[in-house]
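Pasted below: my_file.cif, mmCIF, N, CA and C atoms.
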data_protein
loop_
_atom_site.label_atom_id
_atom_site.label_comp_id
_atom_site.auth_asym_id
_atom_site.auth_seq_id
_atom_site.Cartn_x
_atom_site.Cartn_y
_atom_site.Cartn_z
N MET M 1 7.83 -18.89 2.13
CA MET M 1 7.63 -17.87 3.11
C MET M 1 6.70 -16.79 2.62
N GLY M 2 6.47 -16.70 1.34
CA GLY M 2 5.57 -15.69 0.82
C GLY M 2 6.12 -14.30 1.06
N SER M 3 5.23 -13.38 1.49
CA SER M 3 5.66 -12.00 1.70
C SER M 3 6.10 -11.73 3.12
N GLU M 4 6.08 -12.73 3.98
CA GLU M 4 6.52 -12.52 5.35
C GLU M 4 8.03 -12.63 5.45
N SER M 5 8.60 -11.81 6.29
CA SER M 5 10.04 -11.84 6.49
C SER M 5 10.38 -12.85 7.57
N ALA M 6 11.52 -13.50 7.43
CA ALA M 6 12.01 -14.41 8.45
C ALA M 6 12.42 -13.65 9.71
N PHE M 7 12.43 -12.32 9.62
CA PHE M 7 12.84 -11.49 10.74
C PHE M 7 11.69 -11.20 11.69
N GLY M 8 10.49 -11.59 11.34
CA GLY M 8 9.35 -11.33 12.21
C GLY M 8 8.75 -9.97 11.93
N SER M 9 7.87 -9.56 12.80
CA SER M 9 7.11 -8.35 12.53
C SER M 9 7.63 -7.11 13.23
N GLY M 10 8.67 -7.20 14.02
CA GLY M 10 9.12 -5.99 14.70
C GLY M 10 10.49 -6.16 15.30
N PHE M 11 10.89 -5.15 16.08
CA PHE M 11 12.23 -5.13 16.64
C PHE M 11 12.38 -6.00 17.87
N GLY M 12 11.32 -6.64 18.37
CA GLY M 12 11.43 -7.44 19.58
C GLY M 12 11.89 -8.86 19.35
N ASP M 13 11.89 -9.34 18.11
CA ASP M 13 12.27 -10.73 17.89
C ASP M 13 13.78 -10.88 17.71
N THR M 14 14.27 -12.06 17.95
CA THR M 14 15.70 -12.33 18.02
C THR M 14 16.47 -12.06 16.72
N PRO M 15 16.02 -12.48 15.54
CA PRO M 15 16.80 -12.16 14.34
C PRO M 15 16.95 -10.65 14.14
N THR M 16 15.93 -9.89 14.49
CA THR M 16 16.01 -8.44 14.35
C THR M 16 17.04 -7.87 15.30
N ARG M 17 17.07 -8.34 16.53
CA ARG M 17 18.12 -7.87 17.46
C ARG M 17 19.50 -8.26 16.95
N GLY M 18 19.61 -9.44 16.36
CA GLY M 18 20.88 -9.85 15.78
C GLY M 18 21.30 -8.94 14.64
N LEU M 19 20.34 -8.55 13.80
CA LEU M 19 20.64 -7.61 12.71
C LEU M 19 21.10 -6.28 13.29
N GLN M 20 20.46 -5.81 14.33
CA GLN M 20 20.88 -4.55 14.97
C GLN M 20 22.29 -4.68 15.54
N ARG M 21 22.59 -5.79 16.20
CA ARG M 21 23.95 -6.00 16.73
C ARG M 21 24.97 -6.03 15.60
N TYR M 22 24.62 -6.69 14.52
CA TYR M 22 25.52 -6.79 13.38
C TYR M 22 25.81 -5.42 12.77
N VAL M 23 24.78 -4.66 12.49
CA VAL M 23 24.96 -3.33 11.87
C VAL M 23 25.73 -2.41 12.82
N ARG M 24 25.44 -2.50 14.10
CA ARG M 24 26.19 -1.69 15.09
C ARG M 24 27.68 -2.07 15.06
N ALA M 25 27.98 -3.37 14.98
CA ALA M 25 29.38 -3.82 14.92
C ALA M 25 30.07 -3.31 13.66
N VAL M 26 29.38 -3.32 12.54
CA VAL M 26 29.95 -2.79 11.30
C VAL M 26 30.19 -1.29 11.45
N ALA M 27 29.23 -0.58 12.06
CA ALA M 27 29.39 0.86 12.27
C ALA M 27 30.63 1.16 13.10
N VAL M 28 30.86 0.39 14.14
CA VAL M 28 32.05 0.58 14.97
C VAL M 28 33.31 0.33 14.15
N GLU M 29 33.32 -0.74 13.37
CA GLU M 29 34.50 -1.09 12.56
C GLU M 29 34.84 -0.03 11.52
N VAL M 30 33.82 0.58 10.92
CA VAL M 30 34.10 1.59 9.88
C VAL M 30 34.24 2.99 10.47
N GLY M 31 34.09 3.11 11.79
CA GLY M 31 34.27 4.41 12.45
C GLY M 31 33.06 5.31 12.39
N SER M 32 31.88 4.73 12.26
CA SER M 32 30.64 5.51 12.21
C SER M 32 29.68 5.06 13.30
N ALA M 33 30.17 4.97 14.51
CA ALA M 33 29.35 4.46 15.60
C ALA M 33 28.48 5.53 16.25
N SER M 34 28.17 6.57 15.50
CA SER M 34 27.42 7.69 16.06
C SER M 34 25.96 7.37 16.34
N GLY M 35 25.50 6.23 15.90
CA GLY M 35 24.11 5.86 16.13
C GLY M 35 23.18 6.34 15.04
N CYS M 36 23.71 6.87 13.95
CA CYS M 36 22.88 7.35 12.84
C CYS M 36 22.43 6.24 11.90
N TRP M 37 22.92 5.04 12.12
CA TRP M 37 22.55 3.92 11.26
C TRP M 37 21.14 3.44 11.59
N ARG M 38 20.58 2.66 10.68
CA ARG M 38 19.28 2.04 10.97
C ARG M 38 19.23 0.65 10.35
N ALA M 39 18.51 -0.22 11.02
CA ALA M 39 18.29 -1.59 10.54
C ALA M 39 16.78 -1.82 10.53
N ASP M 40 16.27 -2.28 9.44
CA ASP M 40 14.84 -2.49 9.27
C ASP M 40 14.60 -3.97 8.98
N PRO M 41 13.78 -4.65 9.81
CA PRO M 41 13.56 -6.08 9.62
C PRO M 41 12.76 -6.42 8.37
N GLY M 42 12.25 -5.42 7.68
CA GLY M 42 11.58 -5.67 6.41
C GLY M 42 10.12 -6.04 6.53
N PRO M 43 9.65 -6.74 5.56
CA PRO M 43 10.36 -7.49 4.55
C PRO M 43 10.70 -6.64 3.32
N PRO M 44 11.79 -6.89 2.64
CA PRO M 44 12.96 -7.64 3.10
C PRO M 44 13.78 -6.81 4.08
N ALA M 45 14.62 -7.46 4.84
CA ALA M 45 15.46 -6.77 5.83
C ALA M 45 16.50 -5.91 5.11
N THR M 46 16.71 -4.70 5.65
CA THR M 46 17.66 -3.76 5.07
C THR M 46 18.37 -3.01 6.19
N ALA M 47 19.46 -2.34 5.83
CA ALA M 47 20.16 -1.47 6.78
C ALA M 47 20.78 -0.32 6.00
N TYR M 48 20.95 0.80 6.72
CA TYR M 48 21.57 2.00 6.16
C TYR M 48 22.59 2.50 7.16
N LEU M 49 23.80 2.77 6.69
CA LEU M 49 24.88 3.21 7.55
C LEU M 49 25.66 4.34 6.89
N PRO M 50 25.47 5.59 7.35
CA PRO M 50 26.29 6.67 6.79
C PRO M 50 27.74 6.48 7.23
N VAL M 51 28.66 6.76 6.33
CA VAL M 51 30.08 6.58 6.61
C VAL M 51 30.76 7.94 6.54
N HIS M 52 31.57 8.25 7.54
CA HIS M 52 32.29 9.52 7.55
C HIS M 52 33.33 9.55 6.44
N GLY M 53 33.46 10.70 5.83
CA GLY M 53 34.45 10.85 4.77
C GLY M 53 33.85 10.66 3.40
N ASN M 54 34.68 10.90 2.41
CA ASN M 54 34.25 10.80 1.03
C ASN M 54 35.21 9.89 0.28
N LEU M 55 34.88 9.60 -0.95
CA LEU M 55 35.72 8.76 -1.80
C LEU M 55 36.48 9.64 -2.78
N PRO M 56 37.70 9.23 -3.15
CA PRO M 56 38.47 10.03 -4.11
C PRO M 56 37.71 10.30 -5.42
N SER M 57 36.95 9.33 -5.89
CA SER M 57 36.23 9.51 -7.15
C SER M 57 34.91 10.27 -6.99
N PHE M 58 34.48 10.50 -5.75
CA PHE M 58 33.26 11.26 -5.47
C PHE M 58 33.52 12.20 -4.29
N PRO M 59 34.45 13.14 -4.42
CA PRO M 59 34.87 13.95 -3.27
C PRO M 59 33.78 14.86 -2.70
N ASP M 60 32.78 15.18 -3.50
CA ASP M 60 31.72 16.07 -3.02
C ASP M 60 30.42 15.34 -2.70
N ARG M 61 30.50 14.03 -2.54
CA ARG M 61 29.31 13.21 -2.25
C ARG M 61 29.47 12.50 -0.92
N ASP M 62 28.39 12.43 -0.15
CA ASP M 62 28.40 11.68 1.10
C ASP M 62 28.40 10.19 0.80
N LEU M 63 29.14 9.44 1.60
CA LEU M 63 29.26 8.00 1.44
C LEU M 63 28.34 7.28 2.43
N ALA M 64 27.75 6.20 1.99
CA ALA M 64 26.92 5.37 2.86
C ALA M 64 27.09 3.91 2.47
N LEU M 65 26.85 3.04 3.45
CA LEU M 65 26.77 1.61 3.19
C LEU M 65 25.30 1.21 3.28
N LEU M 66 24.89 0.40 2.34
CA LEU M 66 23.54 -0.16 2.33
C LEU M 66 23.67 -1.66 2.46
N TRP M 67 22.75 -2.28 3.18
CA TRP M 67 22.73 -3.74 3.29
C TRP M 67 21.32 -4.21 3.05
N ASP M 68 21.18 -5.33 2.38
CA ASP M 68 19.88 -6.01 2.33
C ASP M 68 20.11 -7.51 2.29
N GLU M 69 19.07 -8.22 2.64
CA GLU M 69 19.21 -9.67 2.83
C GLU M 69 19.38 -10.45 1.54
N GLU M 70 19.28 -9.81 0.39
CA GLU M 70 19.54 -10.50 -0.87
C GLU M 70 20.92 -10.18 -1.44
N TYR M 71 21.36 -8.93 -1.32
CA TYR M 71 22.58 -8.48 -1.98
C TYR M 71 23.74 -8.21 -1.02
N GLY M 72 23.50 -8.24 0.27
CA GLY M 72 24.55 -7.94 1.23
C GLY M 72 24.89 -6.46 1.22
N TRP M 73 26.17 -6.13 1.40
CA TRP M 73 26.62 -4.74 1.51
C TRP M 73 26.90 -4.12 0.15
N ALA M 74 26.58 -2.85 0.05
CA ALA M 74 26.89 -2.05 -1.14
C ALA M 74 27.33 -0.67 -0.67
N ALA M 75 28.22 -0.06 -1.44
CA ALA M 75 28.63 1.31 -1.17
C ALA M 75 27.81 2.22 -2.07
N ALA M 76 27.37 3.34 -1.50
CA ALA M 76 26.54 4.28 -2.24
C ALA M 76 26.96 5.70 -1.93
N VAL M 77 26.65 6.60 -2.85
CA VAL M 77 26.88 8.02 -2.64
C VAL M 77 25.56 8.75 -2.82
N ARG M 78 25.46 9.90 -2.17
CA ARG M 78 24.27 10.74 -2.32
C ARG M 78 24.58 11.89 -3.26
N PRO M 79 23.84 11.98 -4.38
CA PRO M 79 24.05 13.11 -5.28
C PRO M 79 23.81 14.46 -4.57
N ARG M 80 22.76 14.52 -3.77
CA ARG M 80 22.44 15.69 -2.96
C ARG M 80 21.86 15.18 -1.65
N PRO M 81 21.97 15.94 -0.57
CA PRO M 81 21.51 15.44 0.74
C PRO M 81 20.07 14.93 0.78
N ALA M 82 19.18 15.52 0.03
CA ALA M 82 17.78 15.10 0.08
C ALA M 82 17.46 13.96 -0.89
N GLU M 83 18.43 13.52 -1.68
CA GLU M 83 18.18 12.49 -2.67
C GLU M 83 18.58 11.10 -2.16
N ALA M 84 17.99 10.10 -2.75
CA ALA M 84 18.29 8.72 -2.38
C ALA M 84 19.72 8.37 -2.78
N PRO M 85 20.37 7.50 -1.99
CA PRO M 85 21.74 7.08 -2.34
C PRO M 85 21.76 6.30 -3.66
N VAL M 86 22.86 6.43 -4.37
CA VAL M 86 23.08 5.72 -5.63
C VAL M 86 24.20 4.72 -5.39
N VAL M 87 23.91 3.45 -5.61
CA VAL M 87 24.91 2.40 -5.40
C VAL M 87 26.00 2.51 -6.46
N ILE M 88 27.25 2.45 -5.99
CA ILE M 88 28.38 2.49 -6.92
C ILE M 88 29.09 1.13 -7.00
N THR M 89 28.96 0.31 -5.96
CA THR M 89 29.58 -1.01 -5.98
C THR M 89 28.93 -1.92 -4.94
N TYR M 90 28.80 -3.18 -5.30
CA TYR M 90 28.31 -4.21 -4.39
C TYR M 90 29.51 -5.02 -3.92
N ARG M 91 29.59 -5.30 -2.62
CA ARG M 91 30.72 -6.02 -2.07
C ARG M 91 30.78 -7.46 -2.59
N GLY M 92 29.63 -8.13 -2.65
CA GLY M 92 29.61 -9.52 -3.08
C GLY M 92 30.07 -10.44 -1.97
N GLY M 93 30.25 -11.72 -2.31
CA GLY M 93 30.69 -12.70 -1.32
C GLY M 93 29.56 -13.15 -0.43
N ASP M 94 29.77 -13.04 0.85
CA ASP M 94 28.80 -13.47 1.86
C ASP M 94 27.80 -12.34 2.14
N VAL M 95 26.55 -12.68 2.29
CA VAL M 95 25.53 -11.68 2.61
C VAL M 95 25.74 -11.09 4.01
N LEU M 96 26.43 -11.81 4.87
CA LEU M 96 26.66 -11.39 6.25
C LEU M 96 28.15 -11.55 6.61
N PRO M 97 29.03 -10.81 5.94
CA PRO M 97 30.45 -10.97 6.21
C PRO M 97 30.82 -10.41 7.58
N PRO M 98 31.93 -10.86 8.15
CA PRO M 98 32.38 -10.29 9.42
C PRO M 98 32.59 -8.78 9.29
N ALA M 99 32.32 -8.06 10.36
CA ALA M 99 32.44 -6.60 10.36
C ALA M 99 33.82 -6.12 9.90
N PRO M 100 34.93 -6.76 10.32
CA PRO M 100 36.24 -6.30 9.83
C PRO M 100 36.39 -6.40 8.31
N GLU M 101 35.73 -7.38 7.69
CA GLU M 101 35.79 -7.49 6.23
C GLU M 101 35.03 -6.35 5.55
N VAL M 102 33.94 -5.92 6.16
CA VAL M 102 33.20 -4.77 5.62
C VAL M 102 34.06 -3.52 5.77
N ALA M 103 34.74 -3.38 6.91
CA ALA M 103 35.63 -2.24 7.12
C ALA M 103 36.78 -2.25 6.09
N ALA M 104 37.30 -3.42 5.75
CA ALA M 104 38.36 -3.51 4.74
C ALA M 104 37.84 -3.07 3.37
N TYR M 105 36.60 -3.41 3.07
CA TYR M 105 35.94 -2.98 1.82
C TYR M 105 35.86 -1.45 1.78
N VAL M 106 35.45 -0.84 2.89
CA VAL M 106 35.36 0.62 2.96
C VAL M 106 36.76 1.25 2.85
N ALA M 107 37.73 0.67 3.52
CA ALA M 107 39.11 1.19 3.45
C ALA M 107 39.62 1.16 2.01
N ALA M 108 39.34 0.08 1.29
CA ALA M 108 39.76 -0.01 -0.11
C ALA M 108 39.09 1.07 -0.96
N LEU M 109 37.81 1.31 -0.71
CA LEU M 109 37.10 2.37 -1.42
C LEU M 109 37.74 3.73 -1.13
N ARG M 110 38.05 3.98 0.13
CA ARG M 110 38.66 5.26 0.51
C ARG M 110 40.04 5.46 -0.10
N ARG M 111 40.78 4.37 -0.35
CA ARG M 111 42.09 4.46 -0.99
C ARG M 111 41.97 4.74 -2.48
N GLY M 112 40.77 4.62 -3.01
CA GLY M 112 40.58 4.81 -4.44
C GLY M 112 40.59 3.51 -5.22
N ASP M 113 40.66 2.39 -4.51
CA ASP M 113 40.55 1.09 -5.17
C ASP M 113 39.09 0.92 -5.61
N HIS M 114 38.85 -0.09 -6.37
CA HIS M 114 37.49 -0.35 -6.85
C HIS M 114 37.08 -1.78 -6.50
N PRO M 115 36.89 -2.06 -5.20
CA PRO M 115 36.49 -3.42 -4.81
C PRO M 115 35.03 -3.68 -5.16
N GLY M 116 34.68 -4.94 -5.19
CA GLY M 116 33.30 -5.32 -5.45
C GLY M 116 32.98 -5.25 -6.93
N ASP M 117 31.72 -5.06 -7.22
CA ASP M 117 31.23 -5.09 -8.60
C ASP M 117 30.14 -4.02 -8.73
N PRO M 118 30.14 -3.25 -9.80
CA PRO M 118 29.09 -2.24 -9.97
C PRO M 118 27.72 -2.87 -10.28
N ARG M 119 27.73 -4.13 -10.69
CA ARG M 119 26.47 -4.82 -10.98
C ARG M 119 25.94 -5.48 -9.71
N PRO M 120 24.64 -5.46 -9.52
CA PRO M 120 24.08 -6.14 -8.35
C PRO M 120 24.30 -7.65 -8.45
N ILE M 121 24.85 -8.21 -7.38
CA ILE M 121 25.11 -9.64 -7.33
C ILE M 121 24.20 -10.22 -6.26
N ARG M 122 23.19 -10.95 -6.67
CA ARG M 122 22.24 -11.53 -5.72
C ARG M 122 22.90 -12.70 -5.01
N LEU M 123 23.04 -12.58 -3.70
CA LEU M 123 23.72 -13.59 -2.90
C LEU M 123 22.78 -14.64 -2.33
N ARG M 124 21.53 -14.29 -2.22
CA ARG M 124 20.52 -15.23 -1.74
C ARG M 124 19.17 -14.70 -2.19
N ALA M 125 18.20 -15.56 -2.30
CA ALA M 125 16.86 -15.15 -2.70
C ALA M 125 16.02 -14.84 -1.46
N TYR M 126 15.34 -13.72 -1.48
CA TYR M 126 14.46 -13.36 -0.39
C TYR M 126 13.41 -14.45 -0.20
N GLY M 127 13.21 -14.84 1.05
CA GLY M 127 12.20 -15.83 1.37
C GLY M 127 12.66 -17.28 1.21
N THR M 128 13.88 -17.49 0.74
CA THR M 128 14.40 -18.85 0.61
C THR M 128 14.92 -19.32 1.96
N PRO M 129 14.49 -20.49 2.42
CA PRO M 129 14.99 -20.98 3.71
C PRO M 129 16.50 -21.22 3.63
N ASP M 130 17.23 -20.62 4.55
CA ASP M 130 18.67 -20.84 4.66
C ASP M 130 19.08 -20.50 6.09
N ASP M 131 20.36 -20.27 6.31
CA ASP M 131 20.84 -20.08 7.68
C ASP M 131 20.97 -18.61 8.10
N LEU M 132 20.46 -17.66 7.31
CA LEU M 132 20.63 -16.25 7.64
C LEU M 132 20.04 -15.89 9.01
N THR M 133 18.81 -16.27 9.26
CA THR M 133 18.22 -15.91 10.56
C THR M 133 18.95 -16.59 11.71
N ASP M 134 19.40 -17.83 11.51
CA ASP M 134 20.18 -18.51 12.56
C ASP M 134 21.49 -17.77 12.82
N ARG M 135 22.15 -17.34 11.74
CA ARG M 135 23.41 -16.61 11.90
C ARG M 135 23.17 -15.29 12.64
N LEU M 136 22.07 -14.62 12.34
CA LEU M 136 21.79 -13.36 13.04
C LEU M 136 21.42 -13.60 14.50
N ARG M 137 20.62 -14.63 14.76
CA ARG M 137 20.28 -14.95 16.17
C ARG M 137 21.53 -15.16 16.99
N ALA M 138 22.52 -15.82 16.38
CA ALA M 138 23.75 -16.16 17.10
C ALA M 138 24.79 -15.05 17.07
N TYR M 139 24.53 -13.97 16.31
CA TYR M 139 25.56 -12.96 16.12
C TYR M 139 25.90 -12.25 17.43
N ARG M 140 27.18 -12.28 17.73
CA ARG M 140 27.74 -11.55 18.86
C ARG M 140 29.03 -10.92 18.37
N PRO M 141 29.15 -9.61 18.46
CA PRO M 141 30.39 -8.95 17.98
C PRO M 141 31.61 -9.36 18.79
#
Go ahead and render the structure in this file as structure tokens.
Amino acid sequence: MGSESAFGSGFGDTPTRGLQRYVRAVAVEVGSASGCWRADPGPPATAYLPVHGNLPSFPDRDLALLWDEEYGWAAAVRPRPAEAPVVITYRGGDVLPPAPEVAAYVAALRRGDHPGDPRPIRLRAYGTPDDLTDRLRAYRP
């Protein structure tokens, strides 16, 4: 695939709409359906989802979920509002888990549990042909 994304060049193509539906469904599940999230078809495809509330281990930091097509979901905190988020844990498993499973990951973080792994776990290689775009095309919450 080279440097081209399987998501196409803009928001009008079907995998991109599927990514938007998916991120919106995750936002609803985690209680952040305010529309502040964003999904970018890339390359590589990514998403950003601010999450309401803080974590016990980072009470003064804003929480966010990050997604990308290689590593899946990760939890991150912002050291300061103008600074980039810092990943604290990667969920692992499936790059495109069901929205309720992502919400369970966030709930565990909020309880003070330590789900996932602090090391980046590559779940798929960018540009490798697989079923990700098909799964996104078919995604319906």
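Shortest atom-to-atom contact with Cys36 in chain M among M:Ala82, M:Leu49, M:Leu63, M:Ala107: M:Leu49, counting only N, CA and C atoms.
Take the candidates M:Arg119, M:Thr46, M:Arg124, M:Val30 and check each one against Val102 in chain M using all atoms listed in the file; the shortest distance goes to M:Val30.
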### Given all atoms listed in the file as the counted atoms, nearest of M:Val86, M:Ala138, M:Ser32, M:Arg110 to His52 in chain M
M:Ser32
### Task
Give me the result of the PyMOL selection byres ((chain M and resi 67) around 6.5) on this file, residue by residue, as a PyMOL selection string.
chain M and resi 45-49+65-66+68-69+71-74
Which residues are near Asp94 in chain M? Cut-off 8 Å, only C-alpha atoms, ignore same chain within fewer than 2 positions. Put them as a PDB file with N, CA and C atoms, keeping the file's coordinate frame.
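So the final result, stored in selection_9.pdb, reads:
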ATOM      1  N   GLY M  72      23.500  -8.240   0.270  1.00  0.00           N
ATOM      2  CA  GLY M  72      24.550  -7.940   1.230  1.00  0.00           C
ATOM      3  C   GLY M  72      24.890  -6.460   1.220  1.00  0.00           C
ATOM      4  N   GLY M  92      29.630  -8.130  -2.650  1.00  0.00           N
ATOM      5  CA  GLY M  92      29.610  -9.520  -3.080  1.00  0.00           C
ATOM      6  C   GLY M  92      30.070 -10.440  -1.970  1.00  0.00           C
ATOM      7  N   LEU M  96      26.430 -11.810   4.870  1.00  0.00           N
ATOM      8  CA  LEU M  96      26.660 -11.390   6.250  1.00  0.00           C
ATOM      9  C   LEU M  96      28.150 -11.550   6.610  1.00  0.00           C
ATOM     10  N   PRO M  97      29.030 -10.810   5.940  1.00  0.00           N
ATOM     11  CA  PRO M  97      30.450 -10.970   6.210  1.00  0.00           C
ATOM     12  C   PRO M  97      30.820 -10.410   7.580  1.00  0.00           C
ATOM     13  N   LEU M 123      23.040 -12.580  -3.700  1.00  0.00           N
ATOM     14  CA  LEU M 123      23.720 -13.590  -2.900  1.00  0.00           C
ATOM     15  C   LEU M 123      22.780 -14.640  -2.330  1.00  0.00           C
TER      16      LEU M 123
END
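DSSP on the backbone gives alpha helix (DSSP H) for these parts of range 52-131 of chain M: Ala99, Pro100, Glu101, Val102, Ala103, Ala104, Tyr105, Val106, Ala107, Ala108, Leu109, Arg110 and Arg111 of chain M.
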### Task
Using the chain letters and numbers from the file, give me the residues hit by the PyMOL selection byres ((chain M and resi 19-22) around 7), as a ChimeraX atom specification.
/M:14-18,23-27,39,136-137,139-141
### Task
From a DSSP calculation on the backbone, collect every residue of range 44-117 of chain M in strand (DSSP E or B) and output the set as a list in words.
Thr46, Ala47, Tyr48, Leu49, Pro50, Val51, Leu55, Phe58, Asp62, Leu63, Ala64, Leu65, Leu66, Trp67, Asp68, Gly72, Trp73, Ala74, Ala75, Ala76, Val77, Arg78, Val86, Val87, Ile88, Thr89, Tyr90 and Asp117 of chain M
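Going from CA of Val95 in chain M to CA of Glu70 in chain M covers 7.0 Å.
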### Task
Work out how far apart CA of Pro115 in chain M and CA of Val87 in chain M are and give it in Å to one decimal.
13.0 Å
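Our summary of the geometry notes that atom C of Ala76 in chain M is positioned 22.2 Å from atom C of Gly42 in chain M.
Among the candidates M:Phe58, M:Gly53, M:Pro129, M:Ala104, the residue lying nearest to Glu29 in chain M is M:Ala104 (atoms considered: all atoms listed in the file).
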